[in-house]
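Q: Structure file target12.json, JSON, N, CA and C atoms, is pasted below:
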[["chain", "number", "residue", "atom", "x", "y", "z"],
["O", 1, "MET", "N", 13.95, -2.63, -7.48],
["O", 1, "MET", "CA", 13.78, -4.04, -7.25],
["O", 1, "MET", "C", 15.08, -4.63, -6.69],
["O", 2, "PHE", "N", 14.96, -5.56, -5.78],
["O", 2, "PHE", "CA", 16.10, -6.21, -5.15],
["O", 2, "PHE", "C", 16.68, -7.25, -6.09],
["O", 3, "LYS", "N", 17.99, -7.15, -6.38],
["O", 3, "LYS", "CA", 18.68, -8.12, -7.23],
["O", 3, "LYS", "C", 19.82, -8.73, -6.43],
["O", 4, "ILE", "N", 19.94, -10.04, -6.43],
["O", 4, "ILE", "CA", 21.01, -10.73, -5.72],
["O", 4, "ILE", "C", 22.28, -10.65, -6.56],
["O", 5, "GLN", "N", 23.38, -10.18, -5.93],
["O", 5, "GLN", "CA", 24.65, -10.01, -6.61],
["O", 5, "GLN", "C", 25.71, -10.92, -5.99],
["O", 6, "LYS", "N", 26.84, -11.03, -6.64],
["O", 6, "LYS", "CA", 27.94, -11.85, -6.14],
["O", 6, "LYS", "C", 29.18, -10.99, -5.94],
["O", 7, "GLY", "N", 29.97, -11.29, -4.89],
["O", 7, "GLY", "CA", 31.25, -10.64, -4.65],
["O", 7, "GLY", "C", 31.19, -9.44, -3.72],
["O", 8, "TYR", "N", 32.19, -9.31, -2.79],
["O", 8, "TYR", "CA", 32.29, -8.20, -1.85],
["O", 8, "TYR", "C", 33.56, -8.34, -1.01],
["O", 9, "ASP", "N", 34.02, -7.22, -0.39],
["O", 9, "ASP", "CA", 35.08, -7.26, 0.61],
["O", 9, "ASP", "C", 34.40, -7.42, 1.96],
["O", 10, "SER", "N", 35.09, -8.02, 2.97],
["O", 10, "SER", "CA", 34.37, -8.31, 4.20],
["O", 10, "SER", "C", 35.22, -8.21, 5.46],
["O", 11, "GLU", "N", 34.54, -8.16, 6.60],
["O", 11, "GLU", "CA", 35.12, -8.24, 7.94],
["O", 11, "GLU", "C", 34.19, -9.15, 8.74],
["O", 12, "SER", "N", 34.74, -9.96, 9.62],
["O", 12, "SER", "CA", 33.95, -10.93, 10.37],
["O", 12, "SER", "C", 33.23, -10.29, 11.56],
["O", 13, "LYS", "N", 31.92, -10.54, 11.68],
["O", 13, "LYS", "CA", 31.08, -10.13, 12.81],
["O", 13, "LYS", "C", 30.11, -11.28, 13.10],
["O", 14, "SER", "N", 29.56, -11.30, 14.31],
["O", 14, "SER", "CA", 28.57, -12.33, 14.68],
["O", 14, "SER", "C", 27.24, -11.68, 15.04],
["O", 15, "PHE", "N", 26.14, -12.28, 14.59],
["O", 15, "PHE", "CA", 24.80, -11.80, 14.90],
["O", 15, "PHE", "C", 23.92, -13.00, 15.22],
["O", 16, "ARG", "N", 22.94, -12.79, 16.09],
["O", 16, "ARG", "CA", 21.96, -13.83, 16.40],
["O", 16, "ARG", "C", 20.70, -13.53, 15.60],
["O", 17, "LEU", "N", 20.24, -14.53, 14.84],
["O", 17, "LEU", "CA", 19.06, -14.37, 14.00],
["O", 17, "LEU", "C", 18.04, -15.45, 14.34],
["O", 18, "PRO", "N", 16.76, -15.15, 14.18],
["O", 18, "PRO", "CA", 15.73, -16.18, 14.42],
["O", 18, "PRO", "C", 15.91, -17.37, 13.48],
["O", 19, "ILE", "N", 15.69, -18.56, 13.99],
["O", 19, "ILE", "CA", 15.87, -19.79, 13.21],
["O", 19, "ILE", "C", 15.02, -19.77, 11.94],
["O", 20, "GLU", "N", 13.79, -19.29, 12.04],
["O", 20, "GLU", "CA", 12.91, -19.26, 10.87],
["O", 20, "GLU", "C", 13.48, -18.38, 9.77],
["O", 21, "LEU", "N", 14.08, -17.24, 10.15],
["O", 21, "LEU", "CA", 14.69, -16.35, 9.16],
["O", 21, "LEU", "C", 15.92, -17.01, 8.53],
["O", 22, "ILE", "N", 16.72, -17.66, 9.32],
["O", 22, "ILE", "CA", 17.90, -18.36, 8.80],
["O", 22, "ILE", "C", 17.47, -19.41, 7.79],
["O", 23, "ASP", "N", 16.43, -20.16, 8.11],
["O", 23, "ASP", "CA", 15.93, -21.19, 7.18],
["O", 23, "ASP", "C", 15.53, -20.58, 5.85],
["O", 24, "ARG", "N", 14.81, -19.47, 5.89],
["O", 24, "ARG", "CA", 14.37, -18.80, 4.65],
["O", 24, "ARG", "C", 15.56, -18.29, 3.85],
["O", 25, "LEU", "N", 16.52, -17.69, 4.56],
["O", 25, "LEU", "CA", 17.70, -17.15, 3.89],
["O", 25, "LEU", "C", 18.55, -18.26, 3.27],
["O", 26, "GLU", "N", 18.67, -19.38, 3.97],
["O", 26, "GLU", "CA", 19.45, -20.50, 3.43],
["O", 26, "GLU", "C", 18.83, -21.03, 2.13],
["O", 27, "VAL", "N", 17.52, -21.09, 2.07],
["O", 27, "VAL", "CA", 16.84, -21.55, 0.86],
["O", 27, "VAL", "C", 17.12, -20.58, -0.29],
["O", 28, "LEU", "N", 16.98, -19.27, -0.02],
["O", 28, "LEU", "CA", 17.24, -18.27, -1.05],
["O", 28, "LEU", "C", 18.69, -18.33, -1.53],
["O", 29, "ALA", "N", 19.63, -18.45, -0.60],
["O", 29, "ALA", "CA", 21.04, -18.52, -0.97],
["O", 29, "ALA", "C", 21.30, -19.73, -1.85],
["O", 30, "SER", "N", 20.75, -20.86, -1.47],
["O", 30, "SER", "CA", 20.93, -22.09, -2.25],
["O", 30, "SER", "C", 20.33, -21.95, -3.65],
["O", 31, "GLN", "N", 19.13, -21.39, -3.73],
["O", 31, "GLN", "CA", 18.47, -21.22, -5.03],
["O", 31, "GLN", "C", 19.27, -20.31, -5.96],
["O", 32, "ASN", "N", 20.00, -19.36, -5.38],
["O", 32, "ASN", "CA", 20.76, -18.40, -6.18],
["O", 32, "ASN", "C", 22.25, -18.72, -6.25],
["O", 33, "LYS", "N", 22.62, -19.88, -5.69],
["O", 33, "LYS", "CA", 24.00, -20.37, -5.73],
["O", 33, "LYS", "C", 25.01, -19.35, -5.20],
["O", 34, "ILE", "N", 24.67, -18.73, -4.06],
["O", 34, "ILE", "CA", 25.58, -17.83, -3.37],
["O", 34, "ILE", "C", 25.62, -18.24, -1.90],
["O", 35, "SER", "N", 26.61, -17.74, -1.18],
["O", 35, "SER", "CA", 26.71, -18.08, 0.24],
["O", 35, "SER", "C", 25.63, -17.35, 1.04],
["O", 36, "LEU", "N", 25.32, -17.91, 2.19],
["O", 36, "LEU", "CA", 24.38, -17.27, 3.09],
["O", 36, "LEU", "C", 24.90, -15.89, 3.49],
["O", 37, "ASN", "N", 26.19, -15.77, 3.74],
["O", 37, "ASN", "CA", 26.78, -14.49, 4.12],
["O", 37, "ASN", "C", 26.56, -13.43, 3.04],
["O", 38, "LYS", "N", 26.80, -13.78, 1.80],
["O", 38, "LYS", "CA", 26.61, -12.82, 0.70],
["O", 38, "LYS", "C", 25.16, -12.37, 0.62],
["O", 39, "LEU", "N", 24.23, -13.28, 0.81],
["O", 39, "LEU", "CA", 22.82, -12.92, 0.76],
["O", 39, "LEU", "C", 22.45, -12.00, 1.92],
["O", 40, "VAL", "N", 22.91, -12.31, 3.12],
["O", 40, "VAL", "CA", 22.61, -11.48, 4.29],
["O", 40, "VAL", "C", 23.15, -10.07, 4.09],
["O", 41, "ILE", "N", 24.36, -9.94, 3.56],
["O", 41, "ILE", "CA", 24.94, -8.62, 3.31],
["O", 41, "ILE", "C", 24.08, -7.83, 2.34],
["O", 42, "GLN", "N", 23.64, -8.47, 1.28],
["O", 42, "GLN", "CA", 22.82, -7.77, 0.30],
["O", 42, "GLN", "C", 21.47, -7.38, 0.88],
["O", 43, "CYS", "N", 20.87, -8.24, 1.68],
["O", 43, "CYS", "CA", 19.59, -7.91, 2.32],
["O", 43, "CYS", "C", 19.74, -6.73, 3.28],
["O", 44, "LEU", "N", 20.81, -6.73, 4.07],
["O", 44, "LEU", "CA", 21.05, -5.63, 5.01],
["O", 44, "LEU", "C", 21.31, -4.33, 4.27],
["O", 45, "ASN", "N", 22.11, -4.36, 3.22],
["O", 45, "ASN", "CA", 22.36, -3.16, 2.43],
["O", 45, "ASN", "C", 21.07, -2.60, 1.86],
["O", 46, "TYR", "N", 20.24, -3.47, 1.32],
["O", 46, "TYR", "CA", 18.97, -3.04, 0.75],
["O", 46, "TYR", "C", 18.08, -2.40, 1.83],
["O", 47, "ALA", "N", 18.01, -3.04, 2.99],
["O", 47, "ALA", "CA", 17.17, -2.52, 4.08],
["O", 47, "ALA", "C", 17.67, -1.15, 4.55],
["O", 48, "VAL", "N", 18.97, -1.00, 4.74],
["O", 48, "VAL", "CA", 19.54, 0.27, 5.20],
["O", 48, "VAL", "C", 19.34, 1.36, 4.15],
["O", 49, "ASP", "N", 19.55, 1.01, 2.88],
["O", 49, "ASP", "CA", 19.41, 1.99, 1.80],
["O", 49, "ASP", "C", 17.96, 2.42, 1.60],
["O", 50, "ASN", "N", 17.01, 1.64, 2.07],
["O", 50, "ASN", "CA", 15.60, 1.92, 1.83],
["O", 50, "ASN", "C", 14.80, 2.14, 3.11],
["O", 51, "LEU", "N", 15.45, 2.62, 4.16],
["O", 51, "LEU", "CA", 14.75, 2.91, 5.40],
["O", 51, "LEU", "C", 13.73, 4.03, 5.19],
["O", 52, "GLU", "N", 12.52, 3.84, 5.72],
["O", 52, "GLU", "CA", 11.51, 4.89, 5.63],
["O", 52, "GLU", "C", 11.91, 6.06, 6.50],
["O", 53, "GLY", "N", 11.73, 7.26, 5.98],
["O", 53, "GLY", "CA", 11.97, 8.45, 6.76],
["O", 53, "GLY", "C", 13.42, 8.83, 6.95],
["O", 54, "GLU", "N", 14.33, 8.07, 6.36],
["O", 54, "GLU", "CA", 15.75, 8.37, 6.48],
["O", 54, "GLU", "C", 16.17, 9.25, 5.31],
["O", 55, "ASP", "N", 17.02, 10.24, 5.58],
["O", 55, "ASP", "CA", 17.55, 11.05, 4.49],
["O", 55, "ASP", "C", 18.97, 10.58, 4.17],
["O", 56, "ASP", "N", 19.59, 11.18, 3.17],
["O", 56, "ASP", "CA", 20.92, 10.76, 2.74],
["O", 56, "ASP", "C", 22.00, 11.04, 3.76],
["O", 57, "GLY", "N", 21.73, 11.87, 4.78],
["O", 57, "GLY", "CA", 22.73, 12.21, 5.78],
["O", 57, "GLY", "C", 22.80, 11.23, 6.92],
["O", 58, "GLY", "N", 22.06, 10.13, 6.84],
["O", 58, "GLY", "CA", 22.00, 9.15, 7.92],
["O", 58, "GLY", "C", 23.28, 8.37, 8.10],
["O", 59, "ILE", "N", 23.22, 7.09, 7.85],
["O", 59, "ILE", "CA", 24.32, 6.17, 8.10],
["O", 59, "ILE", "C", 25.46, 6.38, 7.14]]
Show me, as structure tokens, the structure contained in the file I just sent.
A:
Amino acid sequence: MFKIQKGYDSESKSFRLPIELIDRLEVLASQNKISLNKLVIQCLNYAVDNLEGEDDGGI
């Protein structure tokens, strides 16, 4: 199950995301009292860790 966590080390990067997705993420971040950046990082980590058909030797 996906759990929202707080805290991380970071490096700055820029990405273009659909407005509708940003709106949804902003609501989730606000509801969980974390920054949008922290939520995006956790979502990306979860997605990469749970890719279908990927083995442990991937990324």
Q: I need the residues in chain O that are alpha helix (DSSP H) according to DSSP; give them as a PDB file with N, CA and C atoms, in the coordinates of the input.
A:
ATOM      1  N   ILE O  19      15.690 -18.560  13.990  1.00  0.00           N
ATOM      2  CA  ILE O  19      15.870 -19.790  13.210  1.00  0.00           C
ATOM      3  C   ILE O  19      15.020 -19.770  11.940  1.00  0.00           C
ATOM      4  N   GLU O  20      13.790 -19.290  12.040  1.00  0.00           N
ATOM      5  CA  GLU O  20      12.910 -19.260  10.870  1.00  0.00           C
ATOM      6  C   GLU O  20      13.480 -18.380   9.770  1.00  0.00           C
ATOM      7  N   LEU O  21      14.080 -17.240  10.150  1.00  0.00           N
ATOM      8  CA  LEU O  21      14.690 -16.350   9.160  1.00  0.00           C
ATOM      9  C   LEU O  21      15.920 -17.010   8.530  1.00  0.00           C
ATOM     10  N   ILE O  22      16.720 -17.660   9.320  1.00  0.00           N
ATOM     11  CA  ILE O  22      17.900 -18.360   8.800  1.00  0.00           C
ATOM     12  C   ILE O  22      17.470 -19.410   7.790  1.00  0.00           C
ATOM     13  N   ASP O  23      16.430 -20.160   8.110  1.00  0.00           N
ATOM     14  CA  ASP O  23      15.930 -21.190   7.180  1.00  0.00           C
ATOM     15  C   ASP O  23      15.530 -20.580   5.850  1.00  0.00           C
ATOM     16  N   ARG O  24      14.810 -19.470   5.890  1.00  0.00           N
ATOM     17  CA  ARG O  24      14.370 -18.800   4.650  1.00  0.00           C
ATOM     18  C   ARG O  24      15.560 -18.290   3.850  1.00  0.00           C
ATOM     19  N   LEU O  25      16.520 -17.690   4.560  1.00  0.00           N
ATOM     20  CA  LEU O  25      17.700 -17.150   3.890  1.00  0.00           C
ATOM     21  C   LEU O  25      18.550 -18.260   3.270  1.00  0.00           C
ATOM     22  N   GLU O  26      18.670 -19.380   3.970  1.00  0.00           N
ATOM     23  CA  GLU O  26      19.450 -20.500   3.430  1.00  0.00           C
ATOM     24  C   GLU O  26      18.830 -21.030   2.130  1.00  0.00           C
ATOM     25  N   VAL O  27      17.520 -21.090   2.070  1.00  0.00           N
ATOM     26  CA  VAL O  27      16.840 -21.550   0.860  1.00  0.00           C
ATOM     27  C   VAL O  27      17.120 -20.580  -0.290  1.00  0.00           C
ATOM     28  N   LEU O  28      16.980 -19.270  -0.020  1.00  0.00           N
ATOM     29  CA  LEU O  28      17.240 -18.270  -1.050  1.00  0.00           C
ATOM     30  C   LEU O  28      18.690 -18.330  -1.530  1.00  0.00           C
ATOM     31  N   ALA O  29      19.630 -18.450  -0.600  1.00  0.00           N
ATOM     32  CA  ALA O  29      21.040 -18.520  -0.970  1.00  0.00           C
ATOM     33  C   ALA O  29      21.300 -19.730  -1.850  1.00  0.00           C
ATOM     34  N   SER O  30      20.750 -20.860  -1.470  1.00  0.00           N
ATOM     35  CA  SER O  30      20.930 -22.090  -2.250  1.00  0.00           C
ATOM     36  C   SER O  30      20.330 -21.950  -3.650  1.00  0.00           C
ATOM     37  N   GLN O  31      19.130 -21.390  -3.730  1.00  0.00           N
ATOM     38  CA  GLN O  31      18.470 -21.220  -5.030  1.00  0.00           C
ATOM     39  C   GLN O  31      19.270 -20.310  -5.960  1.00  0.00           C
ATOM     40  N   LEU O  36      25.320 -17.910   2.190  1.00  0.00           N
ATOM     41  CA  LEU O  36      24.380 -17.270   3.090  1.00  0.00           C
ATOM     42  C   LEU O  36      24.900 -15.890   3.490  1.00  0.00           C
ATOM     43  N   ASN O  37      26.190 -15.770   3.740  1.00  0.00           N
ATOM     44  CA  ASN O  37      26.780 -14.490   4.120  1.00  0.00           C
ATOM     45  C   ASN O  37      26.560 -13.430   3.040  1.00  0.00           C
ATOM     46  N   LYS O  38      26.800 -13.780   1.800  1.00  0.00           N
ATOM     47  CA  LYS O  38      26.610 -12.820   0.700  1.00  0.00           C
ATOM     48  C   LYS O  38      25.160 -12.370   0.620  1.00  0.00           C
ATOM     49  N   LEU O  39      24.230 -13.280   0.810  1.00  0.00           N
ATOM     50  CA  LEU O  39      22.820 -12.920   0.760  1.00  0.00           C
ATOM     51  C   LEU O  39      22.450 -12.000   1.920  1.00  0.00           C
ATOM     52  N   VAL O  40      22.910 -12.310   3.120  1.00  0.00           N
ATOM     53  CA  VAL O  40      22.610 -11.480   4.290  1.00  0.00           C
ATOM     54  C   VAL O  40      23.150 -10.070   4.090  1.00  0.00           C
ATOM     55  N   ILE O  41      24.360  -9.940   3.560  1.00  0.00           N
ATOM     56  CA  ILE O  41      24.940  -8.620   3.310  1.00  0.00           C
ATOM     57  C   ILE O  41      24.080  -7.830   2.340  1.00  0.00           C
ATOM     58  N   GLN O  42      23.640  -8.470   1.280  1.00  0.00           N
ATOM     59  CA  GLN O  42      22.820  -7.770   0.300  1.00  0.00           C
ATOM     60  C   GLN O  42      21.470  -7.380   0.880  1.00  0.00           C
ATOM     61  N   CYS O  43      20.870  -8.240   1.680  1.00  0.00           N
ATOM     62  CA  CYS O  43      19.590  -7.910   2.320  1.00  0.00           C
ATOM     63  C   CYS O  43      19.740  -6.730   3.280  1.00  0.00           C
ATOM     64  N   LEU O  44      20.810  -6.730   4.070  1.00  0.00           N
ATOM     65  CA  LEU O  44      21.050  -5.630   5.010  1.00  0.00           C
ATOM     66  C   LEU O  44      21.310  -4.330   4.270  1.00  0.00           C
ATOM     67  N   ASN O  45      22.110  -4.360   3.220  1.00  0.00           N
ATOM     68  CA  ASN O  45      22.360  -3.160   2.430  1.00  0.00           C
ATOM     69  C   ASN O  45      21.070  -2.600   1.860  1.00  0.00           C
ATOM     70  N   TYR O  46      20.240  -3.470   1.320  1.00  0.00           N
ATOM     71  CA  TYR O  46      18.970  -3.040   0.750  1.00  0.00           C
ATOM     72  C   TYR O  46      18.080  -2.400   1.830  1.00  0.00           C
ATOM     73  N   ALA O  47      18.010  -3.040   2.990  1.00  0.00           N
ATOM     74  CA  ALA O  47      17.170  -2.520   4.080  1.00  0.00           C
ATOM     75  C   ALA O  47      17.670  -1.150   4.550  1.00  0.00           C
ATOM     76  N   VAL O  48      18.970  -1.000   4.740  1.00  0.00           N
ATOM     77  CA  VAL O  48      19.540   0.270   5.200  1.00  0.00           C
ATOM     78  C   VAL O  48      19.340   1.360   4.150  1.00  0.00           C
ATOM     79  N   ASP O  49      19.550   1.010   2.880  1.00  0.00           N
ATOM     80  CA  ASP O  49      19.410   1.990   1.800  1.00  0.00           C
ATOM     81  C   ASP O  49      17.960   2.420   1.600  1.00  0.00           C
TER      82      ASP O  49
END
Q: Taking into account all atoms listed in the file, which residue in the set O:Pro18, O:Ile4, O:Asp9, O:Gly53 is nearest to Leu39 of chain O?
A: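 Of O:Pro18, O:Ile4, O:Asp9, O:Gly53, the one nearest Leu39 of chain O, counting all atoms listed in the file, is O:Ile4.
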Q: Just how far from atom N of Met1 of chain O is atom CA of Lys13 of chain O, in Å to one decimal?
A: 27.6 Å
Q: Closest to Phe2 of chain O among O:Ala29, O:Glu52, O:Tyr46, O:Asp23, using all atoms listed in the file?
A: O:Tyr46
Q: Which distance in Å separates atom C of Ile41 of chain O and atom C of Glu20 of chain O, to one decimal?
A: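 Calculated distance between atom C of Ile41 of chain O and atom C of Glu20 of chain O is 16.7 Å.
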Q: Could you tell me how far atom C of Ile22 of chain O lies from atom N of Lys38 of chain O, in Å and to one decimal?
A: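 That distance, rounded to one decimal, is 12.4 Å.
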Q: For each of O:Glu11, O:Asn45, O:Leu51, O:Lys3, take the minimum atom-to-atom distance to Leu28 of chain O, counting only C-alpha atoms, then give the residue where this is smallest.
A: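 Ranking O:Glu11, O:Asn45, O:Leu51, O:Lys3 by distance to Leu28 of chain O, first place goes to O:Lys3.
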